[in-house]
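Asker: There's a structure below that I have some questions on.
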Protein chains: 4
Amino acid sequence: MPSGSKIKQRIWEVLEPAGDGDRTSRFCDVFILALIALNVLAVIIETIPYVHEHHATPLRIFDLVSVIIFTIEYFLRIATCTVDPRYGNHFSGRLRFALRPISLIDLFAILPFYLPFVGVDPRALRMIRLMRIFRILKAVRYVSSLELIKRVLHSKREELAVTFFIMMFLIVISATVLYYCEFPVQPEHFSSIPASMWWSIATLTTIGYGDIYPITIIGKICASIIALLGIALFALPTAILGAGFIEQIHRKKNLEKCQICGKEFKTDSSPGLE
Amino acid sequence: MPSGSKIKQRIWEVLEPAGDGDRTSRFCDVFILALIALNVLAVIIETIPYVHEHHATPLRIFDLVSVIIFTIEYFLRIATCTVDPRYGNHFSGRLRFALRPISLIDLFAILPFYLPFVGVDPRALRMIRLMRIFRILKAVRYVSSLELIKRVLHSKREELAVTFFIMMFLIVISATVLYYCEFPVQPEHFSSIPASMWWSIATLTTIGYGDIYPITIIGKICASIIALLGIALFALPTAILGAGFIEQIHRKKNLEKCQICGKEFKTDSSPGLE
Amino acid sequence: MPSGSKIKQRIWEVLEPAGDGDRTSRFCDVFILALIALNVLAVIIETIPYVHEHHATPLRIFDLVSVIIFTIEYFLRIATCTVDPRYGNHFSGRLRFALRPISLIDLFAILPFYLPFVGVDPRALRMIRLMRIFRILKAVRYVSSLELIKRVLHSKREELAVTFFIMMFLIVISATVLYYCEFPVQPEHFSSIPASMWWSIATLTTIGYGDIYPITIIGKICASIIALLGIALFALPTAILGAGFIEQIHRKKNLEKCQICGKEFKTDSSPGLE
Amino acid sequence: MPSGSKIKQRIWEVLEPAGDGDRTSRFCDVFILALIALNVLAVIIETIPYVHEHHATPLRIFDLVSVIIFTIEYFLRIATCTVDPRYGNHFSGRLRFALRPISLIDLFAILPFYLPFVGVDPRALRMIRLMRIFRILKAVRYVSSLELIKRVLHSKREELAVTFFIMMFLIVISATVLYYCEFPVQPEHFSSIPASMWWSIATLTTIGYGDIYPITIIGKICASIIALLGIALFALPTAILGAGFIEQIHRKKNLEKCQICGKEFKTDSSPGLE
């Protein structure tokens with residue numbers, strides 16, 4: 001049925017992020033994004049006691065409507081995905097489509113709503129209501145220029161992993177040192193190494209809530225050394241990522257051919273030149 | 001009347017940021033800047049109770065004199081702007097001039113003073129007095145080398161927007177997670193997700209006032225993971241801007257012509273070379 | 001005895017970080033790494049009072065088994081190191097091998113266990129038990145891509161040292177200034193310059209626990225100037241390391257030969273190009 | 001008297017930072033540096049009440065000896081500086097030498113000691129004793145690789161000044177906004193705009209002592225926006241300095257001549273290549 005497959009093709013196009021000039025698809029994108037934003041807002045304000053007590057019903061109706069729309073959207077995507085040659089196969093293609101991370105997010109956005117119908121521990125209801133916040137992840141589909149950041153993170157994954165590893169070193173060792181220094185004096189704060197690790201993280205990230213800090217002289221000296229080391233250490237991710245961004249920009253190379261020798265000179269395309 | 005248009009031309013030149021060697025214009029710039037600085041200082045110190053009680057009169061007189069000068073300055077600008085070919089037209093040119101952001105700032109710097117004369121809610125008077133602080137924005141006119149920073153921010157607006165978007169993600173999701181963990185134990189601090197977002201922002205920006213922090217073990221574990229993620233995330237703007245600055249510097253390209261083949265080699269002008 | 005030296009060769013290979021395809025050696029690496037991780041975990045959780053009281057025995061047995069394995073590993077390494085031509089000599093080679101930092105870490109990981117047998121102050125026992133945390137350093141052997149970070153740190157050691165020196169300046173001078181301002185008002189917090197240095201470090205690293213801060217006006221003004229200076233100062237390590245990473249990436253240069261003049265042009269290999 | 005001028009030449013050489021191989025001069029440098037370090041340490045520990053009470057005499061003797069040595073050093077420098085052609089003239093050369101910043105630091109390091117002899121307000125004595133901490137600045141003479149950092153700061157002074165200017169903007173405006181929001185609720189903390197600026201600086205530098213923070217909802221919302229803006233803003237110095245370091249490294253350019261066309265190609269000297 002060619003007209004049926006045309007409709008299918010059109011639904012697929014409209015649901016996917018819009019190309020240039022496709023105003024219906026663009027409208028659909030904006031509608032879905034706005035619905036996502038409103039859903040997130042609804043979850044956030046619903047937790048305010050005043051709102052919870054006085055405006056619960058409209059929020060519930062809004063949630064119901066949203067889930068219906070998201071459910072329709074989900075099944076339309078599953079139904080029409082065979083238009084894309086990558087998921088062309090009736091069954092295995094659809095399955096591969098449904099198992100993509102972004103499709104699982106779509107499923108995860110509606111599933112919690114249906115859980116209570118199939119029977120769920122009532123104590124888990126609060127968690128289920130809050131899990132609606134993850135609908136925010138549906139918006140990822142529309143963030144097109146995430147690409148560069150993802151490429152930078154990917155190209156630097158090894159250095160970042162090593163940095164993370166060194167951080168773990170510093171957190172574990174500094175927590176042990178401070179536990180040794182401070183436990184005898186303030187056992188209620190530095191009660192164990194895990195408790196001391198909470199101090200390590202709050203200090204090395206320079207958050208410093210002030211709920212836990214050394215009071216002995218030796219503890220303060222150790223903490224000072226650790227804090228100064230921490231600065232150098234926590235400068236590493238910034239430095240690595242900065243180098244990564246510059247690399248990615250440089251990658252757009254220009255090849256220029258010398259018309260006499262016929263050799264291609266790989267001239268460095270200065271970043272920012274077209 | 002040619003001598004009239006000469007005076008107009010001269011007033012325009014004197015009011016605009018000075019070119020080289022124009023000492024009258026330079027003096028005018030310094031005078032306006034000093035007046036702006038003193039106005040800002042006046043607003044700041046006026047709020048100190050002691051000053052407010054004992055030195056209110058001189059401050060009011062100073063404010064009056066300032067407003068008169070700024071008003072004259074504003075109308076002189078409007079009157080002489082037709083000298084600039086871009087705003088040459090008697091009416092529409094002047095209107096376009098008056099609607100430029102910097103002209104609106106000039107207007108906004110004097111308007112609050114005149115509001116009470118046209119009748120205004122006396123409760124708003126305190127806000128009006130404080131709004132004089134925005135006279136500081138008049139100084140923007142004289143910050144010439146803002147250009148590079150503006151260009152870097154503009155060329156990187158997309159990456160910065162994505163980073164901002166990811167930050168919002170992390171703020172919303174971490175606030176929800178911490179609300180879930182901490183609400184049952186300290187409902188006075190993590191009373192709702194918006195309250196919990198205040199914690200998220202104070203933590204992810206590493207401010208950490210210490211007015212609100214997790215006390216449950218699961219909450220501390222989640223907070224630790226969020227804090228460590230936050231470091232990587234908040235390293236992104238620095239990395240992106242750093243790459244942006246290097247790009248802008250590189251952009252001054254040199255083209256060099258091979259005298260045999262006549263081809264232009266786009267040699268990378270190493271930054272810092274003239 | 002050739003078969004003996006073959007076994008020796010094999011033990012050496014298995015103990016060293018695995019090359020490609022050597023599955024036995026890979027298994028051995030993973031086993032040692034897992035044992036290290038479990039040891040660190042054991043030390044951490046052992047300090048939790050509940051665990052300490054109810055699960056002390058299995059932890060002690062696990063410690064005993066670990067020490068036995070690490071001791072065997074240590075002596076096998078010492079025994080077989082002569083396979084490596086660098087440590088070929090029977091005695092002096094082995095000694096040089098045993099004095100490498102990584103070998104000393106191996107020794108240090110088992111030594112504390114044997115100390116009580118040769119008689120040690122019982123008050124030091126707590127420290128000895130905690131020192132087992134340094135077994136985490138054994139993992140350094142397996143972190144292969146530490147290389148780049150080490151090279152960057154090495155190439156920038158001078159600038160980092162100068163930055164560290166300026167930091168010390170700022171810490172010492174700001175501590176003295178704040179001690180001068182704040183001691184007369186809050187002698188319990190800014191009791192001496194060393195106490196004031198604790199404030200300096202917590203402020204310049206932007207930790208800001210909130211246990212000590214200026215309350216006099218002059219102290220707050222000085223602290224503000226110091227904090228703003230501190231930002232510029234603490235931006236230096238990040239900037240220096242960032243430049244270092246970019247340099248190291250650039251270093252993979254390409255040389256290209258012009259086929260006419262035979263001259264090698266040192267074209268800048270844009271980073272990221274293979 | 002040639003032998004006299006030889007001695008003068010030698011004293012000058014020994015006092016100046018040592019060149020290669022001059023062991024006497026090197027020893028003198030190390031001696032002066034060690035004396036500076038010990039002086040700083042003496043000032044620091046002297047403020048500890050216990051030390052002040054029990055070990056005052058040896059510290060005073062040490063101070064006396066140090067001042068004598070520093071005084072001799074100062075006058076020897078003044079006496080021998082005419083050896084340097086730049087300060088060749090008997091009187092005006094010496095004066096110019098004595099007015100260099102580093103010479104003024106040398107003078108400033110000894111002057112406080114002599115002030116009480118010429119009569120000084122006894123209440124100023126405490127300040128004079130503490131001012132000995134600035135002897136640490138004498139060490140600047142020996143920090144040779146400060147050059148690169150100074151050049152980077154100099155080449156970027158304009159951008160850094162603009163950034164500093166924008167920071168001032170943000171500090172002043174955010175302080176006014178928070179003063180407006182918080183004064184009615186907590187007049188003891190946000191008592192005036194200057195008090196509110198203390199909050200601004202503690203927040204924008206991400207120190208966050210926790211002595212002052214917004215408690216109203218509108219205040220928290222404004223503070224959140226300011227904090228997030230602040231991150232972008234305070235990323236600028238790091239980014240600018242990072243770009244500056246890379247520029248300085250790049251500046252070592254290579255010029256290569258094509259042997260056919262005779263043209264010099266300015267090939268980008270990749271940083272790190274010799």
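In the structure tokens, chains take the letters A, B, ... in the order shown, each chain's residues start at 1, and ligands count up from 1 in the order shown.
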For chain B against chain C, which residues fall within 10 Å using only C-alpha atoms, given as number ranges by chain?
Answerer: B: 206-210, 238-239, 242, 267-268
Asker: Please produce an output containing C-alpha atoms for each residue in the selection, written as a short mmCIF file (atom, residue, chain, number, x, y, z; two decimals), in the first residue's frame.
Answerer:
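Writing the result to selection_38.cif gives the following:
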```
data_model
loop_
_atom_site.label_atom_id
_atom_site.label_comp_id
_atom_site.auth_asym_id
_atom_site.auth_seq_id
_atom_site.Cartn_x
_atom_site.Cartn_y
_atom_site.Cartn_z
CA THR B 206 31.88 24.32 44.63
CA ILE B 207 30.71 27.27 46.72
CA GLY B 208 29.50 25.02 49.57
CA TYR B 209 28.15 27.55 52.08
CA GLY B 210 27.41 24.74 54.50
CA THR B 238 37.21 26.87 30.80
CA ALA B 239 38.41 24.38 28.21
CA GLY B 242 40.58 28.52 26.22
CA THR B 267 51.08 29.22 6.22
CA ASP B 268 49.89 29.16 9.73
#
```
Asker: Which residues come within 7 Å of Ser196 (chain D), counting only C-alpha atoms, excluding same-chain residues fewer than 4 positions away, as a ChimeraX atom specification?
Answerer: /D:175,178-179,190,192,200
Asker: Using DSSP on the backbone coordinates, identify all residues within region 17-239 of chain C classified as helix (DSSP H, G or I); present the result as a PyMOL selection string.
Answerer: chain C and resi 23-46+49-54+56-83+85-87+92-98+101-118+122-142+146-155+157-182+193-204+217-239
Asker: Expressed in Å to a single decimal, how great is the separation between CA of Glu46 (chain B) and CA of Ala161 (chain D)?
Answerer: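 Here the two named atoms are 27.6 Å from each other.
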Asker: Which one of D:Ala202, D:Ala42, D:Leu233, D:Leu125 sits closest to His55 (chain D) if you count only C-alpha atoms?
Answerer: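 Selected residue with least distance to His55 (chain D): D:Ala42.
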Asker: Near Leu111 (chain D), counting only C-alpha atoms, which residues have an atom at most 10 Å away, once you skip same-chain residues fewer than 5 positions from it, shown as a compact mmCIF listing (two decimals) with N, CA and C atoms, in the first residue's frame?
Answerer:
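Here's the written file part.txt:
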```txt
# COMPACT_ATOMS: atom_id res chain seq x y z
N VAL D 67 69.68 41.02 60.81
CA VAL D 67 69.65 42.41 60.37
C VAL D 67 71.06 42.90 60.08
N THR D 71 72.11 44.16 56.54
CA THR D 71 72.58 45.54 56.41
C THR D 71 73.92 45.57 55.68
N ILE D 105 63.26 46.72 48.19
CA ILE D 105 62.87 45.58 49.03
C ILE D 105 63.99 45.30 50.03
N ASP D 106 65.25 45.32 49.55
CA ASP D 106 66.39 45.09 50.45
C ASP D 106 66.41 46.11 51.58
N PRO D 116 62.70 52.00 65.63
CA PRO D 116 62.53 52.35 67.05
C PRO D 116 63.65 53.24 67.58
N ILE D 128 55.58 46.70 63.14
CA ILE D 128 56.97 46.68 62.66
C ILE D 128 57.54 45.28 62.75
N MET D 131 56.20 43.27 60.01
CA MET D 131 56.64 43.66 58.67
C MET D 131 57.91 42.93 58.24
N ARG D 132 58.61 42.33 59.22
CA ARG D 132 59.78 41.52 58.86
C ARG D 132 59.42 40.39 57.91
```
Asker: Would you mind telling me which residue in B:Val172, B:Ala243, B:Cys81, B:Ile32 lies nearest to Phe134 (chain A) when using only C-alpha atoms?
Answerer: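 The shortest atom-to-atom distance to Phe134 (chain A) comes from B:Val172.
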Asker: Between CA of Arg23 (chain C) and CA of Arg10 (chain C), measure the distance and give it in Å to one decimal.
Answerer: 12.5 Å
Asker: Name all residues at most 8 Å from Ala223 (chain D) (count only C-alpha atoms; drop same-chain ones fewer than 4 positions away) and give them as a VMD selection string.
Answerer: chain D and resid 174 178 214 219 227
